[in-house]
>>> print(open('work14.txt').read())   # compact mmCIF, C-alpha atoms
# COMPACT_ATOMS: atom_id res chain seq x y z
CA MET G 1 30.34 13.28 -19.27
CA GLN G 2 30.12 16.94 -20.37
CA LEU G 3 26.68 18.50 -20.38
CA ASP G 4 25.75 21.56 -22.39
CA ASP G 5 22.81 23.95 -22.08
CA THR G 6 20.60 21.81 -24.32
CA ASP G 7 21.16 18.76 -22.10
CA ARG G 8 20.36 20.84 -19.04
CA ARG G 9 17.17 22.24 -20.57
CA ILE G 10 15.97 18.75 -21.47
CA LEU G 11 16.85 17.43 -18.01
CA ARG G 12 15.05 20.31 -16.30
CA GLN G 13 11.87 19.63 -18.27
CA MET G 14 12.13 15.88 -17.70
CA MET G 15 12.57 16.26 -13.96
CA ALA G 16 9.74 18.78 -13.76
CA GLU G 17 7.32 16.49 -15.57
CA PRO G 18 8.47 12.90 -15.98
CA GLY G 19 6.69 10.74 -18.51
CA LEU G 20 6.14 13.49 -21.11
CA PRO G 21 6.18 12.19 -24.69
CA THR G 22 9.44 13.05 -26.47
CA ALA G 23 7.71 15.44 -28.91
CA GLU G 24 6.20 17.47 -26.06
CA LEU G 25 9.46 17.41 -24.12
CA ALA G 26 11.35 18.60 -27.21
CA GLU G 27 8.97 21.51 -27.69
CA ARG G 28 9.33 22.62 -24.06
CA ALA G 29 13.11 22.37 -24.25
CA GLY G 30 13.14 24.24 -27.58
CA VAL G 31 14.76 21.50 -29.67
CA THR G 32 13.60 19.18 -32.44
CA SER G 33 12.23 15.74 -31.52
CA ALA G 34 15.17 14.03 -33.20
CA THR G 35 17.70 16.06 -31.21
CA CYS G 36 15.76 15.52 -28.01
CA TRP G 37 15.62 11.77 -28.55
CA ARG G 38 19.36 11.59 -29.35
CA ARG G 39 20.27 13.65 -26.32
CA ILE G 40 18.16 11.50 -23.99
CA GLU G 41 19.79 8.36 -25.38
CA ARG G 42 23.19 9.90 -24.79
CA LEU G 43 22.27 10.91 -21.22
CA ARG G 44 21.09 7.37 -20.53
CA GLU G 45 24.22 5.81 -21.96
CA GLY G 46 26.39 8.26 -20.05
CA GLY G 47 24.70 7.22 -16.81
CA VAL G 48 23.23 10.67 -16.12
CA ILE G 49 19.67 9.34 -16.45
CA ARG G 50 19.43 6.04 -14.63
CA GLY G 51 15.78 5.36 -15.26
CA GLU G 52 12.23 6.30 -14.52
CA GLN G 53 10.10 4.92 -11.73
CA ALA G 54 6.46 5.03 -10.72
CA LEU G 55 5.85 6.59 -7.30
CA ILE G 56 3.55 4.61 -5.05
CA ASP G 57 1.28 6.54 -2.69
CA TRP G 58 1.17 4.16 0.28
CA HIS G 59 -1.47 6.29 1.92
CA ALA G 60 -3.84 5.51 -0.95
CA LEU G 61 -3.26 1.81 -0.17
CA GLY G 62 -4.27 2.25 3.46
CA TRP G 63 -0.81 2.68 5.01
CA GLU G 64 -1.56 5.55 7.36
CA VAL G 65 1.59 5.78 9.46
CA GLU G 66 5.03 6.81 8.23
CA VAL G 67 8.03 7.13 10.53
CA SER G 68 11.63 8.15 10.06
CA LEU G 69 13.75 6.05 12.44
CA ARG G 70 17.28 7.23 13.15
CA PHE G 71 19.86 4.91 14.61
CA THR G 72 23.24 5.12 16.22
CA LEU G 73 25.04 1.80 15.86
CA ASP G 74 27.53 0.06 18.10
CA LYS G 75 30.64 0.74 16.03
CA THR G 76 32.89 -1.51 18.12
CA ASN G 77 31.74 -4.26 15.76
CA PRO G 78 33.30 -3.73 12.31
CA ARG G 79 30.39 -5.61 10.65
CA ALA G 80 27.73 -3.45 12.36
CA PHE G 81 26.71 -1.47 9.26
CA ASP G 82 26.62 -4.45 6.88
CA GLU G 83 24.67 -6.63 9.26
CA PHE G 84 22.24 -3.88 10.17
CA ILE G 85 21.55 -3.08 6.50
CA ALA G 86 21.14 -6.76 5.58
CA ALA G 87 18.62 -7.25 8.40
CA ALA G 88 16.73 -4.03 7.54
CA ARG G 89 16.28 -5.28 3.96
CA GLU G 90 14.31 -8.23 5.36
CA VAL G 91 11.63 -5.94 6.82
CA PRO G 92 9.03 -5.37 4.06
CA GLU G 93 7.69 -2.17 5.67
CA VAL G 94 11.07 -0.45 5.26
CA LEU G 95 10.94 1.88 2.24
CA GLU G 96 14.34 3.57 2.46
CA ILE G 97 17.69 2.68 3.98
CA GLN G 98 20.32 5.40 4.28
CA SER G 99 23.69 5.65 5.96
CA PHE G 100 25.21 8.91 7.17
CA LEU G 101 28.25 10.71 8.37
CA GLY G 102 27.16 12.61 11.46
CA SER G 103 25.52 11.98 14.80
CA THR G 104 23.09 9.58 13.10
CA ASP G 105 24.55 6.45 11.50
CA MET G 106 21.51 4.95 9.77
CA ARG G 107 18.02 5.97 8.91
CA LEU G 108 15.03 3.83 7.95
CA GLN G 109 11.78 5.08 6.49
CA VAL G 110 9.08 2.73 7.79
CA ILE G 111 5.37 2.56 7.03
CA ALA G 112 2.54 0.85 8.90
CA ARG G 113 -1.20 0.44 8.46
CA ASP G 114 -2.02 2.17 11.76
CA MET G 115 -0.46 2.87 15.16
CA ALA G 116 -1.15 -0.63 16.49
CA HIS G 117 0.54 -2.10 13.44
CA TYR G 118 3.45 0.32 13.84
CA GLN G 119 3.89 -0.72 17.43
CA GLU G 120 4.01 -4.36 16.33
CA ILE G 121 6.63 -3.64 13.64
CA TYR G 122 8.64 -1.48 16.03
CA ARG G 123 8.76 -4.13 18.74
CA ASN G 124 9.17 -7.24 16.63
CA ARG G 125 11.13 -6.09 13.59
CA ILE G 126 12.93 -2.83 14.44
CA LEU G 127 14.11 -3.26 18.03
CA THR G 128 15.43 -6.70 17.04
CA LEU G 129 17.75 -5.28 14.34
CA PRO G 130 21.42 -5.97 15.17
CA HIS G 131 23.96 -3.54 16.70
CA ILE G 132 21.56 -0.75 17.69
CA SER G 133 23.05 1.54 20.27
CA GLU G 134 20.43 4.32 20.22
CA LEU G 135 17.39 5.22 18.17
CA ASP G 136 14.84 7.98 17.88
CA ALA G 137 11.74 8.37 15.80
CA LEU G 138 10.30 11.24 13.80
CA MET G 139 6.63 10.67 13.02
CA LEU G 140 5.59 12.12 9.68
CA ILE G 141 2.79 14.67 9.93
CA SER G 142 2.87 15.88 6.34
CA THR G 143 5.11 16.11 3.32
CA ILE G 144 5.27 19.74 2.24
CA LYS G 145 7.65 19.27 -0.68
CA SER G 146 9.02 16.19 -2.36
CA SER G 147 10.93 16.68 -5.53
CA ALA G 148 13.59 14.80 -7.40
CA GLU G 149 14.49 18.00 -9.21
CA LEU G 150 17.99 19.35 -9.07
CA PRO G 151 18.83 22.97 -9.77
CA VAL G 152 20.77 22.12 -12.95
CA MET I 153 -10.95 4.26 1.70
CA SER I 154 -8.24 2.11 0.25
CA LEU I 155 -8.14 0.10 -2.93
CA ASP I 156 -8.09 -3.70 -2.81
CA LEU I 157 -5.16 -5.04 -4.75
CA ASP I 158 -4.81 -8.55 -6.07
CA ASP I 159 -1.56 -10.33 -6.77
CA LEU I 160 -1.35 -9.06 -10.36
CA ASP I 161 -1.83 -5.44 -9.26
CA ARG I 162 0.99 -5.85 -6.78
CA ARG I 163 3.27 -7.30 -9.43
CA ILE I 164 2.44 -4.44 -11.78
CA LEU I 165 3.21 -1.90 -9.03
CA ARG I 166 6.44 -3.64 -8.16
CA ALA I 167 7.53 -3.67 -11.82
CA LEU I 168 6.58 -0.03 -12.49
CA SER I 169 8.21 1.22 -9.30
CA ARG I 170 11.41 -0.27 -10.66
CA ASP I 171 10.98 0.88 -14.28
CA SER I 172 7.99 2.90 -15.40
CA THR I 173 9.15 3.20 -19.03
CA GLN I 174 8.00 -0.32 -19.91
CA SER I 175 4.87 -0.42 -22.05
CA ALA I 176 1.64 -2.12 -21.00
CA GLY I 177 2.30 -4.69 -23.74
CA ALA I 178 5.79 -5.59 -22.55
CA LEU I 179 4.72 -5.68 -18.91
CA GLY I 180 1.66 -7.80 -19.76
CA ARG I 181 3.80 -10.37 -21.53
CA LYS I 182 5.93 -10.82 -18.41
CA LEU I 183 2.82 -11.29 -16.28
CA GLY I 184 0.84 -13.39 -18.77
CA LEU I 185 -1.75 -10.65 -19.25
CA SER I 186 -3.02 -9.10 -22.47
CA GLN I 187 -1.96 -5.57 -23.34
CA PRO I 188 -5.50 -4.11 -22.84
CA ALA I 189 -5.95 -5.91 -19.51
CA THR I 190 -2.58 -4.63 -18.26
CA TRP I 191 -3.38 -1.13 -19.49
CA ARG I 192 -6.75 -1.16 -17.66
CA ARG I 193 -5.08 -2.20 -14.42
CA ILE I 194 -2.41 0.51 -14.68
CA ARG I 195 -5.14 3.04 -15.44
CA ARG I 196 -7.13 1.94 -12.38
CA LEU I 197 -4.04 2.26 -10.15
CA GLU I 198 -3.40 5.74 -11.50
CA GLU I 199 -7.00 6.86 -11.09
CA ALA I 200 -7.09 5.61 -7.50
CA GLY I 201 -3.95 7.64 -6.81
CA VAL I 202 -1.93 4.53 -5.93
CA ILE I 203 0.48 5.44 -8.70
CA ALA I 204 0.99 9.03 -7.63
CA GLY I 205 3.31 10.01 -10.45
CA ARG I 206 6.63 9.24 -11.99
CA ARG I 207 10.16 10.21 -11.11
CA VAL I 208 13.18 10.48 -13.37
CA VAL I 209 16.13 8.92 -11.59
CA VAL I 210 19.26 10.92 -12.33
CA GLU I 211 22.78 10.43 -11.08
CA PRO I 212 23.29 13.58 -8.99
CA GLU I 213 27.08 13.34 -9.19
CA ALA I 214 26.98 13.30 -13.00
CA LEU I 215 25.15 16.63 -12.77
CA GLY I 216 27.71 18.05 -10.39
CA PHE I 217 25.76 17.49 -7.17
CA GLY I 218 28.15 15.55 -5.00
CA VAL I 219 26.66 16.14 -1.57
CA THR I 220 23.27 15.30 -0.06
CA VAL I 221 22.57 16.33 3.52
CA PHE I 222 19.61 15.52 5.72
CA LEU I 223 18.75 18.29 8.13
CA GLY I 224 16.66 18.13 11.26
CA VAL I 225 15.29 21.60 12.00
CA LYS I 226 13.74 22.75 15.23
CA LEU I 227 11.82 26.01 15.22
CA ALA I 228 13.03 28.44 17.86
CA ALA I 229 9.95 30.49 18.42
CA LYS I 230 6.89 28.39 17.92
CA GLY I 231 3.77 30.48 18.07
CA ARG I 232 5.62 33.65 17.18
CA VAL I 233 6.52 32.49 13.70
CA SER I 234 3.84 30.82 11.70
CA LEU I 235 4.56 27.39 10.28
CA GLU I 236 3.22 28.66 6.98
CA ASP I 237 5.91 31.35 6.77
CA PHE I 238 8.64 28.82 7.44
CA GLU I 239 7.20 26.32 4.98
CA ARG I 240 6.74 28.88 2.23
CA ALA I 241 10.32 30.11 2.58
CA VAL I 242 11.92 26.68 2.84
CA THR I 243 10.10 25.15 -0.13
CA ALA I 244 11.29 28.04 -2.31
CA ILE I 245 14.94 27.04 -1.89
CA PRO I 246 15.88 25.05 -5.01
CA GLU I 247 18.53 22.98 -3.22
CA VAL I 248 15.91 21.74 -0.74
CA GLN I 249 14.35 18.68 -2.36
CA VAL I 250 12.23 17.36 0.48
CA VAL I 251 10.43 19.13 3.32
CA GLN I 252 8.55 17.06 5.86
CA HIS I 253 6.70 18.27 8.93
CA VAL I 254 7.46 15.75 11.69
CA LEU I 255 6.76 15.04 15.33
CA GLY I 256 9.72 14.22 17.56
CA LEU I 257 13.13 15.71 18.32
CA PHE I 258 12.72 18.08 15.36
CA ASP I 259 9.88 19.94 13.72
CA TYR I 260 11.02 19.52 10.11
CA ARG I 261 13.13 17.13 8.08
CA LEU I 262 14.86 18.53 5.01
CA ARG I 263 16.78 16.85 2.24
CA VAL I 264 19.31 19.24 0.75
CA THR I 265 21.49 18.70 -2.28
CA ALA I 266 24.61 20.72 -3.06
CA ARG I 267 27.61 20.67 -5.37
CA ASP I 268 30.11 20.06 -2.60
CA LEU I 269 30.55 20.76 1.12
CA ALA I 270 31.50 24.39 0.48
CA ASP I 271 28.34 24.84 -1.57
CA PHE I 272 26.33 23.14 1.18
CA GLU I 273 27.80 25.54 3.73
CA ARG I 274 26.68 28.45 1.57
CA VAL I 275 23.12 27.07 1.34
CA LEU I 276 23.07 26.37 5.07
CA ARG I 277 24.33 29.80 6.11
CA ARG I 278 22.61 32.01 3.59
CA ARG I 279 19.35 30.17 2.97
CA ILE I 280 18.57 27.77 5.83
CA MET I 281 19.88 29.59 8.91
CA THR I 282 18.13 32.76 7.77
CA LEU I 283 14.70 31.11 7.51
CA PRO I 284 12.01 32.64 9.72
CA GLY I 285 11.91 31.00 13.14
CA VAL I 286 14.70 28.51 12.56
CA GLY I 287 16.34 27.25 15.76
CA GLN I 288 18.48 24.20 16.32
CA VAL I 289 19.69 22.44 13.16
CA GLU I 290 21.27 19.00 12.95
CA ALA I 291 23.04 17.90 9.77
CA ASN I 292 23.89 14.39 8.61
CA VAL I 293 25.76 13.86 5.35
CA LEU I 294 24.34 11.05 3.21
CA LEU I 295 26.84 8.28 2.45
CA SER I 296 24.64 5.65 0.83
CA GLU I 297 21.00 5.20 0.01
CA GLU I 298 18.72 2.49 -1.24
CA ARG I 299 15.00 2.43 -1.92
CA ARG I 300 13.11 -0.75 -1.18
CA PRO I 301 10.03 -2.03 -3.02
CA GLY I 302 7.90 -1.84 0.14
CA PRO I 303 5.22 -4.24 1.36
CA LEU I 304 3.86 -5.50 -1.96
CA GLY I 305 3.21 -9.10 -1.02
>>> encode(input="work14.txt", output="C-alpha cells")
Amino acid sequence: MQLDDTDRRILRQMMAEPGLPTAELAERAGVTSATCWRRIERLREGGVIRGEQALIDWHALGWEVEVSLRFTLDKTNPRAFDEFIAAAREVPEVLEIQSFLGSTDMRLQVIARDMAHYQEIYRNRILTLPHISELDALMLISTIKSSAELPV
Amino acid sequence: MSLDLDDLDRRILRALSRDSTQSAGALGRKLGLSQPATWRRIRRLEEAGVIAGRRVVVEPEALGFGVTVFLGVKLAAKGRVSLEDFERAVTAIPEVQVVQHVLGLFDYRLRVTARDLADFERVLRRRIMTLPGVGQVEANVLLSEERRPGPLG
C-alpha cells in the first residue's frame, strides 16, 4: 500500500496520542474530519493500522518484579522452537514471547508479585520449559522510554 | 497500594488490551453489564492507573520498517559517565523505541527499529556507538513476536 504525506501526518499524530477523537486528530494533522476518517479506514483496510490496545500497568496491580529472560535453545531438536513457544504460552506470567537471530534464540518478558513469587515461577515454570540450553536474566530497574512510535 | 480487581474487571482489561476501540456499550453487552456500569469500571481502572494508556498497533513493514533489533548495552565507564547523560542521549534517537535500565549482563536494553539491515547499521554506528559511555553492545534481530494477555485470571 502506498502512503502519502497526509497518511504519514495522520499516523504520526495517532501514534503520538492514541485514542484522540477523529475531529481532534484531523485538526492536528491539518485535514478535514471526513478526509481523516476516510484515510484511517483505508489504513485499516490496507493492514497498516492493525488495531488499538489498552496498555496495562502491571505495577499498579501489585506486580512488582519484571524480568527479561533470554534463552539459548538446544537446536539439535528441530521442534525446539515450536515446543518451547507452546510451553511458554501456558505460563500466565509471561507477557511477551520473541524469537531472534543472534546469540539469543528466545526471550520471555515475565512478571511476578515479588521476589519470592519470581523465584517460584522461575523454578517451577521457567526452568521446566523444554529444550533450554542456556539462559540469563535481566532484571528491570526502570523503563526510561517505551514508545510504539515509528519515525514515519 | 494495589487495586482489588474482581472477575468483571479482569474481563474488561483482557478485552480492552486486545481491542480498546470497543465502546463501553458494546463491551458491556458481551459481559452482561449495562453501559453506565461498564463505563464506571473502565473509568476506575483508568483513574487507578491500571489502564496506563492506549497504543496504536501498526504494521511496521507496511510503513517501511522491516527490521527490529534488540540491543543489550553495557556502559564502559561507569562512574565517569552519568547514567542521565546516556539516558538523555539514547531516548532522543527516534529509531530507539524502548529503553530499559536493567540489572544483569547488560546495563540497558534497547529496542531499535530500522528500514533494513543497512539502515540499522547506520543507526548503530552513527547514533548508538557514539553515545556517551557506551561499551559492549550485543544485537539480536527480532524474527517473531507475540504479546500475551498476562495473568488476568
>>> residues_around(input="work14.txt", residues="Pro188 in chain I", least_positions_apart="4", cutoff="9 Å", atoms="all atoms listed in the file", output="PyMOL selection string")
chain I and resi 176-177+180+192-193
>>> closest_residue(input="work14.txt", among="I:Met281, I:Leu160, I:Ala291, I:Leu185", to="chain G", atoms="all atoms listed in the file")
I:Ala291
>>> interface_residues(input="work14.txt", of="chain G", to="chain I", cutoff="6 Å", atoms="only C-alpha atoms", output="number ranges by chain")
G: 15, 18, 48-57, 60-62, 92-93, 95-102, 138-147, 151
>>> atom_distance(input="work14.txt", atom1="CA of Ile132 in chain G", atom2="CA of Val225 in chain I")
23.9 Å
>>> closest_residue(input="work14.txt", among="G:Leu43, G:Ser133, G:Leu25, G:Leu150", to="Thr76 in chain G", atoms="all atoms listed in the file")
G:Ser133
>>> atom_distance(input="work14.txt", atom1="CA of Asn124 in chain G", atom2="CA of Ala112 in chain G")
13.0 Å
>>> atom_distance(input="work14.txt", atom1="CA of Pro130 in chain G", atom2="CA of Trp58 in chain G")
27.1 Å
>>> closest_residue(input="work14.txt", among="G:Cys36, G:His131, G:Ile121, G:Glu24", to="Pro78 in chain G", atoms="only C-alpha atoms")
G:His131
>>> closest_residue(input="work14.txt", among="G:Glu17, G:Glu134, G:Glu27, G:Glu41", to="Lys75 in chain G", atoms="all atoms listed in the file")
G:Glu134
>>> residues_around(input="work14.txt", residues="Ala29 in chain G", least_positions_apart="4", cutoff="10 Å", atoms="all atoms listed in the file", output="list in words")
Thr6, Asp7, Arg8, Arg9, Ile10, Leu11, Arg12, Gln13, Met14, Ala23, Glu24, Leu25, Ser33 and Cys36 of chain G
>>> decode(input="work14.txt", residues="range 231-263 of chain I", atoms="N, CA and C atoms", output="PDB file, in the first residue's frame")
ATOM      1  N   GLY I 231      30.447   5.571  36.333  1.00  0.00           N
ATOM      2  CA  GLY I 231      31.035   6.494  37.292  1.00  0.00           C
ATOM      3  C   GLY I 231      31.594   7.702  36.591  1.00  0.00           C
ATOM      4  N   ARG I 232      32.248   7.468  35.429  1.00  0.00           N
ATOM      5  CA  ARG I 232      32.796   8.607  34.712  1.00  0.00           C
ATOM      6  C   ARG I 232      31.726   9.268  33.853  1.00  0.00           C
ATOM      7  N   VAL I 233      30.835   8.442  33.316  1.00  0.00           N
ATOM      8  CA  VAL I 233      29.738   8.995  32.521  1.00  0.00           C
ATOM      9  C   VAL I 233      28.469   8.833  33.339  1.00  0.00           C
ATOM     10  N   SER I 234      27.699   9.893  33.422  1.00  0.00           N
ATOM     11  CA  SER I 234      26.499   9.762  34.229  1.00  0.00           C
ATOM     12  C   SER I 234      25.431   9.011  33.444  1.00  0.00           C
ATOM     13  N   LEU I 235      24.655   8.224  34.172  1.00  0.00           N
ATOM     14  CA  LEU I 235      23.565   7.487  33.550  1.00  0.00           C
ATOM     15  C   LEU I 235      22.596   8.451  32.889  1.00  0.00           C
ATOM     16  N   GLU I 236      22.426   9.615  33.519  1.00  0.00           N
ATOM     17  CA  GLU I 236      21.493  10.600  32.967  1.00  0.00           C
ATOM     18  C   GLU I 236      21.917  11.043  31.565  1.00  0.00           C
ATOM     19  N   ASP I 237      23.228  11.241  31.371  1.00  0.00           N
ATOM     20  CA  ASP I 237      23.709  11.674  30.054  1.00  0.00           C
ATOM     21  C   ASP I 237      23.416  10.611  29.002  1.00  0.00           C
ATOM     22  N   PHE I 238      23.687   9.359  29.370  1.00  0.00           N
ATOM     23  CA  PHE I 238      23.427   8.267  28.436  1.00  0.00           C
ATOM     24  C   PHE I 238      21.933   8.186  28.125  1.00  0.00           C
ATOM     25  N   GLU I 239      21.127   8.241  29.182  1.00  0.00           N
ATOM     26  CA  GLU I 239      19.677   8.096  29.000  1.00  0.00           C
ATOM     27  C   GLU I 239      19.089   9.235  28.176  1.00  0.00           C
ATOM     28  N   ARG I 240      19.557  10.440  28.404  1.00  0.00           N
ATOM     29  CA  ARG I 240      19.047  11.582  27.670  1.00  0.00           C
ATOM     30  C   ARG I 240      19.378  11.431  26.188  1.00  0.00           C
ATOM     31  N   ALA I 241      20.608  11.023  25.902  1.00  0.00           N
ATOM     32  CA  ALA I 241      21.030  10.893  24.505  1.00  0.00           C
ATOM     33  C   ALA I 241      20.318   9.735  23.811  1.00  0.00           C
ATOM     34  N   VAL I 242      20.166   8.626  24.504  1.00  0.00           N
ATOM     35  CA  VAL I 242      19.591   7.444  23.841  1.00  0.00           C
ATOM     36  C   VAL I 242      18.091   7.613  23.601  1.00  0.00           C
ATOM     37  N   THR I 243      17.390   8.261  24.521  1.00  0.00           N
ATOM     38  CA  THR I 243      15.945   8.425  24.324  1.00  0.00           C
ATOM     39  C   THR I 243      15.640   9.415  23.199  1.00  0.00           C
ATOM     40  N   ALA I 244      16.616  10.238  22.826  1.00  0.00           N
ATOM     41  CA  ALA I 244      16.390  11.223  21.762  1.00  0.00           C
ATOM     42  C   ALA I 244      16.498  10.609  20.368  1.00  0.00           C
ATOM     43  N   ILE I 245      16.972   9.375  20.275  1.00  0.00           N
ATOM     44  CA  ILE I 245      17.107   8.737  18.965  1.00  0.00           C
ATOM     45  C   ILE I 245      15.743   8.200  18.538  1.00  0.00           C
ATOM     46  N   PRO I 246      15.192   8.702  17.426  1.00  0.00           N
ATOM     47  CA  PRO I 246      13.822   8.298  17.054  1.00  0.00           C
ATOM     48  C   PRO I 246      13.674   6.810  16.782  1.00  0.00           C
ATOM     49  N   GLU I 247      14.722   6.168  16.274  1.00  0.00           N
ATOM     50  CA  GLU I 247      14.627   4.742  15.954  1.00  0.00           C
ATOM     51  C   GLU I 247      14.628   3.863  17.214  1.00  0.00           C
ATOM     52  N   VAL I 248      15.012   4.438  18.338  1.00  0.00           N
ATOM     53  CA  VAL I 248      15.015   3.677  19.594  1.00  0.00           C
ATOM     54  C   VAL I 248      13.635   3.795  20.226  1.00  0.00           C
ATOM     55  N   GLN I 249      12.899   2.682  20.248  1.00  0.00           N
ATOM     56  CA  GLN I 249      11.525   2.721  20.751  1.00  0.00           C
ATOM     57  C   GLN I 249      11.449   2.462  22.247  1.00  0.00           C
ATOM     58  N   VAL I 250      12.329   1.589  22.724  1.00  0.00           N
ATOM     59  CA  VAL I 250      12.268   1.217  24.134  1.00  0.00           C
ATOM     60  C   VAL I 250      13.659   1.312  24.752  1.00  0.00           C
ATOM     61  N   VAL I 251      13.725   1.920  25.932  1.00  0.00           N
ATOM     62  CA  VAL I 251      14.963   1.978  26.702  1.00  0.00           C
ATOM     63  C   VAL I 251      14.651   1.494  28.106  1.00  0.00           C
ATOM     64  N   GLN I 252      15.313   0.430  28.523  1.00  0.00           N
ATOM     65  CA  GLN I 252      15.098  -0.062  29.877  1.00  0.00           C
ATOM     66  C   GLN I 252      16.426  -0.190  30.601  1.00  0.00           C
ATOM     67  N   HIS I 253      16.454   0.319  31.819  1.00  0.00           N
ATOM     68  CA  HIS I 253      17.617   0.169  32.687  1.00  0.00           C
ATOM     69  C   HIS I 253      17.473  -1.182  33.371  1.00  0.00           C
ATOM     70  N   VAL I 254      18.475  -2.053  33.220  1.00  0.00           N
ATOM     71  CA  VAL I 254      18.355  -3.412  33.754  1.00  0.00           C
ATOM     72  C   VAL I 254      19.569  -3.793  34.586  1.00  0.00           C
ATOM     73  N   LEU I 255      19.405  -4.881  35.311  1.00  0.00           N
ATOM     74  CA  LEU I 255      20.457  -5.409  36.168  1.00  0.00           C
ATOM     75  C   LEU I 255      20.785  -6.790  35.625  1.00  0.00           C
ATOM     76  N   GLY I 256      22.049  -7.031  35.319  1.00  0.00           N
ATOM     77  CA  GLY I 256      22.435  -8.334  34.779  1.00  0.00           C
ATOM     78  C   GLY I 256      23.650  -8.193  33.897  1.00  0.00           C
ATOM     79  N   LEU I 257      23.695  -8.983  32.816  1.00  0.00           N
ATOM     80  CA  LEU I 257      24.836  -8.950  31.899  1.00  0.00           C
ATOM     81  C   LEU I 257      25.017  -7.583  31.250  1.00  0.00           C
ATOM     82  N   PHE I 258      23.898  -6.853  31.097  1.00  0.00           N
ATOM     83  CA  PHE I 258      23.951  -5.534  30.467  1.00  0.00           C
ATOM     84  C   PHE I 258      23.374  -4.486  31.401  1.00  0.00           C
ATOM     85  N   ASP I 259      23.619  -3.226  31.046  1.00  0.00           N
ATOM     86  CA  ASP I 259      23.070  -2.133  31.842  1.00  0.00           C
ATOM     87  C   ASP I 259      21.753  -1.621  31.264  1.00  0.00           C
ATOM     88  N   TYR I 260      21.650  -1.694  29.916  1.00  0.00           N
ATOM     89  CA  TYR I 260      20.437  -1.205  29.264  1.00  0.00           C
ATOM     90  C   TYR I 260      19.964  -2.177  28.188  1.00  0.00           C
ATOM     91  N   ARG I 261      18.666  -2.216  28.010  1.00  0.00           N
ATOM     92  CA  ARG I 261      18.050  -2.958  26.912  1.00  0.00           C
ATOM     93  C   ARG I 261      17.420  -1.936  25.992  1.00  0.00           C
ATOM     94  N   LEU I 262      17.680  -2.045  24.695  1.00  0.00           N
ATOM     95  CA  LEU I 262      17.075  -1.126  23.735  1.00  0.00           C
ATOM     96  C   LEU I 262      16.318  -1.916  22.685  1.00  0.00           C
ATOM     97  N   ARG I 263      15.216  -1.348  22.236  1.00  0.00           N
ATOM     98  CA  ARG I 263      14.513  -1.897  21.089  1.00  0.00           C
ATOM     99  C   ARG I 263      14.645  -0.871  19.973  1.00  0.00           C
TER     100      ARG I 263
END
